[in-house]
>>> print(open('work25.txt').read())   # compact mmCIF, C-alpha atoms
# COMPACT_ATOMS: atom_id res chain seq x y z
CA PHE Q 9 -31.04 -252.28 140.50
CA GLY Q 10 -34.22 -252.76 138.48
CA GLY Q 11 -37.49 -254.06 139.87
CA TYR Q 12 -41.16 -254.90 139.34
CA LEU Q 13 -43.39 -252.11 138.05
CA LYS Q 14 -47.10 -252.82 138.27
CA THR Q 15 -48.70 -249.60 137.13
CA ASP Q 16 -50.35 -247.77 134.22
CA SER Q 17 -47.33 -245.62 133.44
CA GLY Q 18 -43.87 -244.83 134.73
CA VAL Q 19 -40.24 -243.92 134.11
CA ILE Q 20 -37.22 -246.26 134.01
CA GLY Q 21 -33.63 -245.07 134.19
CA SER Q 22 -30.24 -246.77 134.34
CA GLN Q 23 -28.42 -246.83 137.67
CA GLY Q 24 -27.00 -243.38 138.51
CA TYR Q 25 -28.66 -241.67 135.51
CA PRO Q 26 -27.69 -239.03 134.31
CA GLY Q 27 -24.29 -239.89 135.78
CA VAL Q 28 -22.15 -242.65 134.25
CA TYR Q 29 -23.65 -246.11 134.84
CA PRO Q 30 -21.55 -248.64 136.83
CA PRO Q 31 -19.49 -251.42 135.15
CA ASN Q 32 -20.21 -255.18 135.33
CA THR Q 33 -23.88 -254.89 136.20
CA LYS Q 34 -27.10 -256.50 135.08
CA CYS Q 35 -30.41 -254.79 135.83
CA VAL Q 36 -33.86 -256.19 135.02
CA TRP Q 37 -37.15 -254.28 135.02
CA LYS Q 38 -40.46 -256.17 134.72
CA ILE Q 39 -43.43 -254.03 133.69
CA THR Q 40 -47.06 -255.16 134.09
CA VAL Q 41 -50.01 -253.02 133.00
CA PRO Q 42 -53.70 -253.92 133.52
CA GLU Q 43 -55.06 -257.02 131.70
CA GLY Q 44 -56.31 -256.30 128.19
CA LYS Q 45 -53.84 -253.44 127.65
CA VAL Q 46 -50.38 -253.40 126.00
CA VAL Q 47 -47.17 -251.65 127.09
CA VAL Q 48 -45.82 -248.79 124.95
CA LEU Q 49 -42.18 -247.91 125.77
CA SER Q 50 -40.26 -244.88 124.44
CA PHE Q 51 -36.62 -244.06 125.06
CA ARG Q 52 -36.22 -240.38 125.94
CA PHE Q 53 -32.42 -240.64 126.09
CA ILE Q 54 -29.84 -243.35 125.44
CA ASP Q 55 -26.04 -243.22 125.65
CA LEU Q 56 -24.32 -246.58 126.13
CA GLU Q 57 -20.90 -247.76 124.92
CA SER Q 58 -21.16 -247.79 121.15
CA ASP Q 59 -20.56 -250.96 119.11
CA ASN Q 60 -22.22 -251.82 115.81
CA LEU Q 61 -23.16 -255.27 117.18
CA CYS Q 62 -24.00 -253.99 120.71
CA ARG Q 63 -21.70 -256.65 122.22
CA TYR Q 64 -20.51 -254.76 125.30
CA ASP Q 65 -23.12 -252.58 127.00
CA TYR Q 66 -26.74 -252.81 125.86
CA VAL Q 67 -30.44 -252.72 126.73
CA ASP Q 68 -32.66 -255.61 125.57
CA VAL Q 69 -36.43 -255.13 125.41
CA TYR Q 70 -38.74 -258.18 125.43
CA SER Q 71 -42.47 -258.58 125.00
CA GLY Q 72 -43.62 -260.61 128.05
CA HIS Q 73 -41.60 -261.66 131.14
CA VAL Q 74 -40.47 -265.19 130.17
CA ASN Q 75 -39.34 -266.42 126.74
CA GLY Q 76 -40.94 -263.39 125.09
CA GLN Q 77 -40.05 -262.08 121.63
CA ARG Q 78 -37.10 -259.69 121.76
CA LEU Q 79 -38.28 -256.34 120.39
CA GLY Q 80 -34.73 -255.03 120.02
CA ARG Q 81 -31.22 -254.61 121.45
CA PHE Q 82 -29.95 -251.05 121.76
CA CYS Q 83 -26.65 -249.30 122.47
CA GLY Q 84 -24.71 -246.18 121.44
CA THR Q 85 -26.96 -243.16 120.98
CA PHE Q 86 -29.40 -244.76 118.50
CA LYS Q 87 -32.84 -243.90 119.88
CA PRO Q 88 -35.43 -246.41 118.62
CA GLY Q 89 -39.05 -245.46 118.13
CA ALA Q 90 -41.86 -246.62 120.44
CA LEU Q 91 -41.79 -250.35 121.25
CA VAL Q 92 -45.10 -252.11 121.87
CA SER Q 93 -45.61 -255.44 123.67
CA THR Q 94 -48.11 -258.00 122.41
CA GLY Q 95 -49.67 -258.52 125.87
CA ASN Q 96 -49.72 -256.63 129.17
CA LYS Q 97 -46.11 -257.44 130.15
CA MET Q 98 -42.70 -256.14 129.05
CA LEU Q 99 -39.16 -256.81 130.27
CA LEU Q 100 -36.08 -254.57 130.03
CA GLN Q 101 -32.59 -255.83 130.76
CA MET Q 102 -29.46 -253.69 130.81
CA LEU Q 103 -25.98 -255.23 130.84
CA SER Q 104 -22.64 -253.46 131.16
CA ASP Q 105 -19.14 -254.94 130.86
CA ALA Q 106 -15.91 -253.90 132.63
CA ASN Q 107 -15.45 -250.73 130.58
CA THR Q 108 -18.35 -248.35 130.59
CA ALA Q 109 -18.95 -245.22 128.60
CA GLY Q 110 -21.97 -242.96 128.73
CA SER Q 111 -24.81 -241.82 130.95
CA GLY Q 112 -27.12 -244.78 130.38
CA PHE Q 113 -30.75 -244.39 129.42
CA LEU Q 114 -34.09 -242.93 130.40
CA ALA Q 115 -37.33 -244.48 129.12
CA VAL Q 116 -41.04 -243.87 129.76
CA PHE Q 117 -43.82 -246.45 129.49
CA SER Q 118 -47.59 -246.38 129.52
CA ALA Q 119 -50.56 -248.70 129.05
CA ALA Q 120 -52.53 -248.46 125.80
CA HIS Q 121 -55.40 -250.31 124.18
CA PRO Q 122 -54.18 -252.81 121.59
CA HIS Q 123 -54.62 -251.49 118.02
CA GLU Q 124 -55.28 -247.97 119.26
CA ARG Q 125 -54.94 -246.56 115.78
CA GLY Q 126 -55.05 -242.79 115.77
CA GLU Q 127 -53.22 -240.76 113.14
CA ARG Q 128 -50.10 -241.23 115.27
CA TYR Q 129 -50.19 -245.01 115.03
CA CYS Q 130 -49.01 -246.89 112.01
CA GLY Q 131 -46.99 -249.94 111.11
CA GLY Q 132 -47.84 -253.57 111.76
CA ARG Q 133 -47.17 -257.03 110.39
CA LEU Q 134 -47.38 -257.51 106.61
CA ASP Q 135 -47.50 -261.12 105.42
CA LYS Q 136 -49.48 -261.00 102.16
CA PRO Q 137 -47.44 -261.69 98.97
CA SER Q 138 -47.45 -257.97 98.10
CA GLY Q 139 -48.64 -254.77 99.68
CA THR Q 140 -48.20 -251.08 100.43
CA PHE Q 141 -47.02 -249.09 103.46
CA LYS Q 142 -47.18 -245.32 103.94
CA THR Q 143 -46.70 -242.56 106.47
CA PRO Q 144 -49.69 -241.33 108.51
CA ASN Q 145 -51.82 -238.72 106.64
CA TRP Q 146 -50.37 -239.70 103.23
CA PRO Q 147 -51.12 -238.16 100.71
CA GLU Q 148 -53.48 -235.50 102.15
CA LYS Q 149 -51.00 -233.77 104.45
CA ASP Q 150 -47.56 -233.98 106.07
CA TYR Q 151 -46.82 -236.76 108.53
CA PRO Q 152 -47.21 -235.66 112.19
CA ALA Q 153 -44.24 -234.89 114.46
CA GLY Q 154 -43.18 -237.44 117.08
CA VAL Q 155 -44.36 -240.66 115.40
CA THR Q 156 -42.80 -244.05 115.03
CA CYS Q 157 -43.97 -246.71 112.63
CA SER Q 158 -42.48 -250.19 112.34
CA TRP Q 159 -43.59 -252.49 109.55
CA HIS Q 160 -42.53 -256.10 109.99
CA ILE Q 161 -42.68 -257.87 106.62
CA VAL Q 162 -42.67 -261.68 106.76
CA ALA Q 163 -42.40 -263.90 103.67
CA PRO Q 164 -42.52 -267.73 103.53
CA LYS Q 165 -39.19 -269.42 104.45
CA ASN Q 166 -37.86 -269.88 100.90
CA GLN Q 167 -38.64 -266.35 99.70
CA ILE Q 168 -37.10 -262.92 99.95
CA ILE Q 169 -38.66 -259.45 99.97
CA GLU Q 170 -38.25 -256.60 97.50
CA VAL Q 171 -39.12 -253.07 98.62
CA LYS Q 172 -39.54 -250.04 96.35
CA PHE Q 173 -40.46 -246.49 97.31
CA GLU Q 174 -42.78 -244.75 94.87
CA LYS Q 175 -42.70 -241.26 96.45
CA PHE Q 176 -40.38 -240.14 99.22
CA ASP Q 177 -39.98 -236.85 101.11
CA VAL Q 178 -38.58 -236.95 104.65
CA GLU Q 179 -36.88 -234.03 106.47
CA ARG Q 180 -33.37 -233.72 105.05
CA ASP Q 181 -30.14 -233.96 107.08
CA ASN Q 182 -26.65 -235.08 105.98
CA TYR Q 183 -26.69 -237.96 108.46
CA CYS Q 184 -30.48 -238.46 108.62
CA ARG Q 185 -30.30 -237.76 112.38
CA TYR Q 186 -33.81 -236.32 112.74
CA ASP Q 187 -36.61 -237.86 110.66
CA HIS Q 188 -35.57 -241.03 108.85
CA VAL Q 189 -36.50 -244.46 107.53
CA SER Q 190 -34.28 -247.42 108.51
CA ILE Q 191 -34.53 -250.86 106.91
CA PHE Q 192 -33.20 -253.93 108.73
CA ASN Q 193 -32.74 -257.56 107.71
CA GLY Q 194 -34.64 -259.74 110.20
CA ALA Q 195 -37.40 -258.95 112.68
CA GLU Q 196 -35.77 -256.52 115.07
CA ILE Q 197 -33.96 -253.20 115.24
CA ASN Q 198 -30.29 -254.15 115.14
CA ASP Q 199 -27.62 -251.78 113.83
CA ALA Q 200 -25.51 -254.70 112.59
CA LYS Q 201 -28.32 -255.77 110.24
CA ARG Q 202 -29.27 -252.32 109.02
CA ILE Q 203 -29.43 -252.20 105.22
CA GLY Q 204 -29.76 -248.42 105.10
CA LYS Q 205 -30.99 -245.22 106.69
CA TYR Q 206 -32.79 -242.78 104.41
CA CYS Q 207 -34.09 -239.20 104.41
CA GLY Q 208 -34.38 -236.26 101.98
CA ASP Q 209 -36.54 -236.06 98.89
CA SER Q 210 -35.22 -238.69 96.48
CA PRO Q 211 -36.56 -242.27 96.81
CA PRO Q 212 -33.98 -244.85 97.98
CA ALA Q 213 -32.90 -247.49 95.46
CA PRO Q 214 -34.94 -250.75 95.61
CA VAL Q 215 -34.00 -253.00 98.55
CA LEU Q 216 -33.79 -256.82 98.56
CA SER Q 217 -33.77 -258.70 101.88
CA ASP Q 218 -31.20 -261.41 102.71
CA GLY Q 219 -33.79 -263.72 104.25
CA ASN Q 220 -37.56 -263.91 104.62
CA GLN Q 221 -38.01 -260.99 107.06
CA LEU Q 222 -37.53 -257.23 106.92
CA LEU Q 223 -38.22 -254.49 109.42
CA ILE Q 224 -38.93 -250.99 108.12
CA GLN Q 225 -38.89 -248.28 110.75
CA PHE Q 226 -39.95 -244.65 110.29
CA LEU Q 227 -39.19 -242.04 112.94
CA SER Q 228 -40.14 -238.36 113.06
CA ASP Q 229 -38.79 -236.05 115.75
CA LEU Q 230 -40.71 -233.23 117.38
CA SER Q 231 -39.86 -230.49 114.88
CA LEU Q 232 -40.10 -230.14 111.07
CA THR Q 233 -42.24 -232.55 109.07
CA ALA Q 234 -42.63 -233.23 105.32
CA ASP Q 235 -44.89 -235.03 102.79
CA GLY Q 236 -43.76 -238.52 103.86
CA PHE Q 237 -43.68 -241.56 101.60
CA ILE Q 238 -45.50 -244.47 100.03
CA GLY Q 239 -43.72 -247.75 99.34
CA HIS Q 240 -44.60 -251.18 97.99
CA TYR Q 241 -43.22 -254.63 98.70
CA LYS Q 242 -43.49 -258.04 97.05
CA PHE Q 243 -42.15 -261.53 97.74
CA ARG Q 244 -39.71 -263.16 95.33
CA PRO Q 245 -38.28 -266.69 95.11
CA LYS Q 246 -34.97 -266.93 96.93
CA LYS Q 247 -33.11 -268.44 93.97
CA PHE Q 248 -33.54 -265.18 92.05
CA PRO Q 249 -30.14 -264.49 90.42
CA THR Q 250 -29.04 -261.05 91.56
CA THR Q 251 -26.73 -260.40 88.60
CA THR Q 252 -28.51 -261.28 85.39
CA THR Q 253 -25.91 -259.81 83.07
CA ALA Q 254 -22.18 -259.44 83.48
CA PRO Q 255 -21.64 -256.05 85.11
CA THR Q 256 -20.25 -253.51 82.69
CA THR Q 257 -17.14 -251.80 83.96
CA THR Q 258 -17.39 -248.10 83.37
CA THR Q 259 -14.71 -247.30 85.93
CA SER Q 260 -11.01 -247.74 85.25
CA PRO Q 261 -10.14 -251.39 85.93
CA VAL Q 262 -9.88 -252.06 89.63
CA THR Q 263 -8.17 -255.25 90.77
CA THR Q 264 -10.85 -257.80 91.55
CA ARG Q 265 -8.58 -259.77 93.89
CA PRO Q 266 -9.92 -259.08 97.40
CA ILE Q 267 -7.56 -256.75 99.20
CA PRO Q 268 -6.02 -258.37 102.28
CA LEU Q 269 -7.33 -256.35 105.19
CA LYS Q 270 -4.22 -256.79 107.32
CA TYR Q 271 -0.65 -255.56 107.51
CA SER Q 272 2.04 -257.52 105.72
CA VAL Q 273 5.59 -256.62 104.75
CA ALA Q 274 4.83 -257.46 101.09
CA LEU Q 275 1.81 -255.17 101.06
CA CYS Q 276 3.86 -252.29 102.42
CA GLN Q 277 6.81 -252.80 100.07
CA GLN Q 278 4.74 -251.65 97.09
CA LYS Q 279 5.46 -248.23 95.66
CA CYS Q 280 3.25 -245.72 97.48
CA LYS Q 281 1.15 -244.32 94.68
CA ARG Q 282 -2.59 -243.85 94.66
CA ARG Q 283 -4.39 -245.22 91.60
CA GLY Q 284 -7.12 -243.72 89.46
CA THR Q 285 -9.33 -240.85 90.52
CA LEU Q 286 -11.84 -240.33 93.28
CA GLU Q 287 -14.53 -241.12 90.72
CA SER Q 288 -12.98 -244.39 89.55
CA ASN Q 289 -12.52 -245.52 93.18
CA TYR Q 290 -15.98 -244.53 94.46
CA CYS Q 291 -17.90 -247.69 93.54
CA SER Q 292 -15.19 -250.19 94.53
CA SER Q 293 -14.87 -248.65 98.02
CA ASN Q 294 -17.02 -249.78 100.96
CA PHE Q 295 -16.97 -246.28 102.44
CA VAL Q 296 -16.26 -242.71 101.33
CA ILE Q 297 -16.05 -239.97 103.97
CA THR Q 298 -14.42 -236.61 104.58
CA GLY Q 299 -13.00 -235.87 108.01
CA THR Q 300 -10.34 -234.38 110.27
CA VAL Q 301 -7.67 -236.62 111.82
CA ILE Q 302 -7.96 -236.28 115.61
CA THR Q 303 -5.47 -238.95 116.70
CA ALA Q 304 -2.99 -241.06 114.74
CA VAL Q 305 -0.95 -243.69 116.56
CA MET Q 306 1.60 -245.98 114.87
CA ARG Q 307 1.49 -249.58 116.09
CA GLY Q 308 3.12 -252.63 114.51
CA GLY Q 309 3.65 -251.17 111.05
CA SER Q 310 0.15 -249.63 110.79
CA THR Q 311 -1.40 -246.30 111.78
CA TYR Q 312 -4.55 -246.31 113.92
CA ALA Q 313 -6.50 -243.10 113.48
CA THR Q 314 -9.63 -241.54 114.91
CA VAL Q 315 -11.36 -239.27 112.41
CA SER Q 316 -13.94 -236.61 113.21
CA ILE Q 317 -16.41 -236.82 110.33
CA ILE Q 318 -17.22 -233.79 108.18
CA ASN Q 319 -19.47 -235.65 105.74
CA VAL Q 320 -20.47 -239.23 104.87
CA TYR Q 321 -20.90 -239.93 101.16
CA LYS Q 322 -21.00 -243.72 101.35
CA GLU Q 323 -21.37 -245.41 104.74
CA GLY Q 324 -21.25 -249.15 103.98
CA ASN Q 325 -20.91 -250.99 107.31
CA LEU Q 326 -18.53 -248.41 108.76
CA ALA Q 327 -19.09 -248.12 112.53
CA ILE Q 328 -19.76 -244.47 113.33
CA GLN Q 329 -19.79 -243.21 116.92
CA GLN Q 330 -22.04 -240.27 117.69
CA ALA Q 331 -21.78 -237.91 120.66
CA GLY Q 332 -24.27 -235.08 120.40
CA LYS Q 333 -23.75 -233.65 116.94
CA THR Q 334 -20.16 -234.84 116.48
CA MET Q 335 -19.55 -238.08 114.67
CA SER Q 336 -16.30 -240.00 114.54
CA THR Q 337 -14.95 -243.29 113.25
CA LYS Q 338 -11.85 -245.43 113.67
CA ILE Q 339 -9.65 -246.17 110.65
CA VAL Q 340 -6.55 -248.35 110.24
CA ILE Q 341 -3.98 -247.32 107.64
CA LEU Q 342 -2.45 -250.76 107.07
CA CYS Q 343 0.95 -249.40 105.97
CA LYS Q 344 1.79 -246.63 108.43
CA LYS Q 345 3.27 -244.22 105.89
CA CYS Q 346 1.09 -245.02 102.89
CA PRO Q 347 -0.97 -242.93 102.63
CA PHE Q 348 0.74 -240.70 105.21
CA ILE Q 349 -1.77 -238.66 107.25
CA ARG Q 350 -1.20 -235.83 109.72
CA ARG Q 351 -3.16 -234.92 112.82
CA GLY Q 352 -5.41 -231.88 112.45
CA LEU Q 353 -5.64 -232.06 108.64
CA ASN Q 354 -8.75 -232.82 106.55
CA TYR Q 355 -8.86 -235.72 104.09
CA VAL Q 356 -11.17 -237.63 101.77
CA PHE Q 357 -10.93 -241.28 102.90
CA THR Q 358 -12.04 -244.29 100.85
CA GLY Q 359 -11.44 -247.93 101.75
CA GLN Q 360 -12.82 -251.29 102.85
CA VAL Q 361 -14.61 -252.19 106.11
CA ASP Q 362 -13.78 -255.27 108.20
CA GLU Q 363 -16.36 -257.34 110.07
CA ASP Q 364 -16.02 -255.15 113.16
CA GLY Q 365 -17.07 -252.09 111.19
CA ARG Q 366 -13.58 -250.58 111.19
CA GLY Q 367 -12.30 -248.81 108.08
CA LYS Q 368 -9.16 -250.34 106.57
CA ILE Q 369 -7.03 -248.43 104.06
CA ALA Q 370 -4.38 -250.18 101.96
CA PRO Q 371 -1.76 -248.44 99.76
CA GLN Q 372 -3.95 -248.80 96.66
CA HIS Q 373 -6.97 -247.09 98.25
CA PHE Q 374 -7.70 -243.50 97.35
CA VAL Q 375 -7.01 -240.86 99.99
CA MET Q 376 -6.46 -237.16 99.30
CA ALA Q 377 -6.34 -233.83 101.13
CA PHE Q 378 -9.85 -232.42 101.36
CA LYS Q 379 -10.56 -228.86 100.30
CA THR Q 380 -13.99 -227.20 100.27
CA LYS Q 381 -13.87 -227.06 96.46
CA ASN Q 382 -13.99 -230.92 96.35
CA GLN Q 383 -17.38 -230.89 98.05
CA LYS Q 384 -19.34 -230.34 94.85
CA GLY Q 385 -17.76 -233.30 93.06
CA LEU Q 386 -18.42 -235.52 96.09
CA ASN Q 387 -22.10 -234.53 96.18
CA VAL Q 388 -22.40 -235.54 92.52
CA LEU Q 389 -20.77 -238.93 93.30
CA LYS Q 390 -23.13 -239.48 96.26
CA ASN Q 391 -26.05 -239.82 93.83
CA LYS Q 392 -24.14 -242.18 91.54
CA GLN Q 393 -25.69 -245.63 91.18
CA CYS Q 394 -22.96 -248.22 91.66
>>> encode(input="work25.txt", output="structure tokens")
Amino acid sequence: FGGYLKTDSGVIGSQGYPGVYPPNTKCVWKITVPEGKVVVLSFRFIDLESDNLCRYDYVDVYSGHVNGQRLGRFCGTFKPGALVSTGNKMLLQMLSDANTAGSGFLAVFSAAHPHERGERYCGGRLDKPSGTFKTPNWPEKDYPAGVTCSWHIVAPKNQIIEVKFEKFDVERDNYCRYDHVSIFNGAEINDAKRIGKYCGDSPPAPVLSDGNQLLIQFLSDLSLTADGFIGHYKFRPKKFPTTTTAPTTTTSPVTTRPIPLKYSVALCQQKCKRRGTLESNYCSSNFVITGTVITAVMRGGSTYATVSIINVYKEGNLAIQQAGKTMSTKIVILCKKCPFIRRGLNYVFTGQVDEDGRGKIAPQHFVMAFKTKNQKGLNVLKNKQC
């Protein structure tokens, strides 16, 4: 399945779309548009097995047919904005492993003139030592619906990038599902390297890159729009010390010893007693969510739970699966009875995240029954600067 597409525009879909795609397959599509034009590709729908590193089922998009730059790797239901090739060729490759999940993808492509810069086009490569990026129409009027902008910021090898938003107003949603700005370490859209996803009307905190490249992506859907944003970036020497002063501890003392993220008899022999308050545990936790326990299975001393998310207050690197409007995550309670959770009940969960994006909760982490009256306090914490 796959093929050569030599045309001005067309549609590409995974095998069997909209049915479930087959396991253990590799499909390659090679697109060629007329000389002098570039390929613009947009995903209309995507639903592949979800993994925060896209290790199992995924679609890769490359500029060119051989040894081209990878424009991104996609899986789950994360719909990237328009992807543009540098020349007149683009390659898509979809791989699935033995276990499949989802109805695949549907994408449309068309030929465009390079640098066709209408109000709908924005983004580009930024490699000067400092600069500005903004949404189309800023500040005269709202950004248009249905746009995608990707700014690729590249600093010299031994420098990092600092980004600050001066003004920010993007359609609000608890999970930023509609219009949003995502910032990634590196040069491509990759959920594992996402620093944050932002929407609403308060500017995100300043962002520092890990290395010398950042990708800032802005997406607006086809409905509501807002004022948009203006942001500035500058390069900084890599050796910049991130903590200049000793951090002041305003929270009640939290043990600084890293918590072992695995089951041990010693860990589970401690007295089962939660410490501090939700407030004192907020900053030391990687994630803070509220949710309903859908499944809870005890295995080898621990409880493995699937939680349907009510609200995310702090996401960290927690892997969140999305199906339509429902979002869920997998959590391991290291000591099966501490804290003890029941199926069908709502809780506030806080804890650490392992390298696979799974939430781990040890006896000393803070978990409590969630009641609607707690919501207000959680919203206040969400805006807390840790």
>>> residues_around(input="work25.txt", residues="Asp362 of chain Q", least_positions_apart="5", cutoff="8 Å", atoms="only C-alpha atoms", output="count of residues only")
3
>>> residues_near_point(input="work25.txt", point="(-39.4, -240.1, 100.2)", cutoff="7 Å", atoms="all atoms listed in the file", output="ChimeraX atom specification")
/Q:175-178,207-211,236-237
>>> residues_around(input="work25.txt", residues="Thr143 of chain Q", least_positions_apart="2", cutoff="8 Å", atoms="only C-alpha atoms", output="list in words")
Cys130, Phe141, Asn145, Trp146, Tyr151, Cys157, Gly236, Phe237 and Ile238 of chain Q
>>> closest_residue(input="work25.txt", among="Q:Ser272, Q:Gln383, Q:Thr303, Q:Ser111", to="Pro26 of chain Q", atoms="all atoms listed in the file")
Q:Ser111
>>> atom_distance(input="work25.txt", atom1="atom CA of Met306 of chain Q", atom2="atom CA of Asp59 of chain Q")
23.1 Å
>>> closest_residue(input="work25.txt", among="Q:Cys280, Q:Lys201, Q:Ile341, Q:Gly154", to="Gly324 of chain Q", atoms="all atoms listed in the file")
Q:Lys201
>>> residues_around(input="work25.txt", residues="Tyr355 of chain Q", least_positions_apart="3", cutoff="6 Å", atoms="only C-alpha atoms", output="PyMOL selection string")
chain Q and resi 298-299+376-378
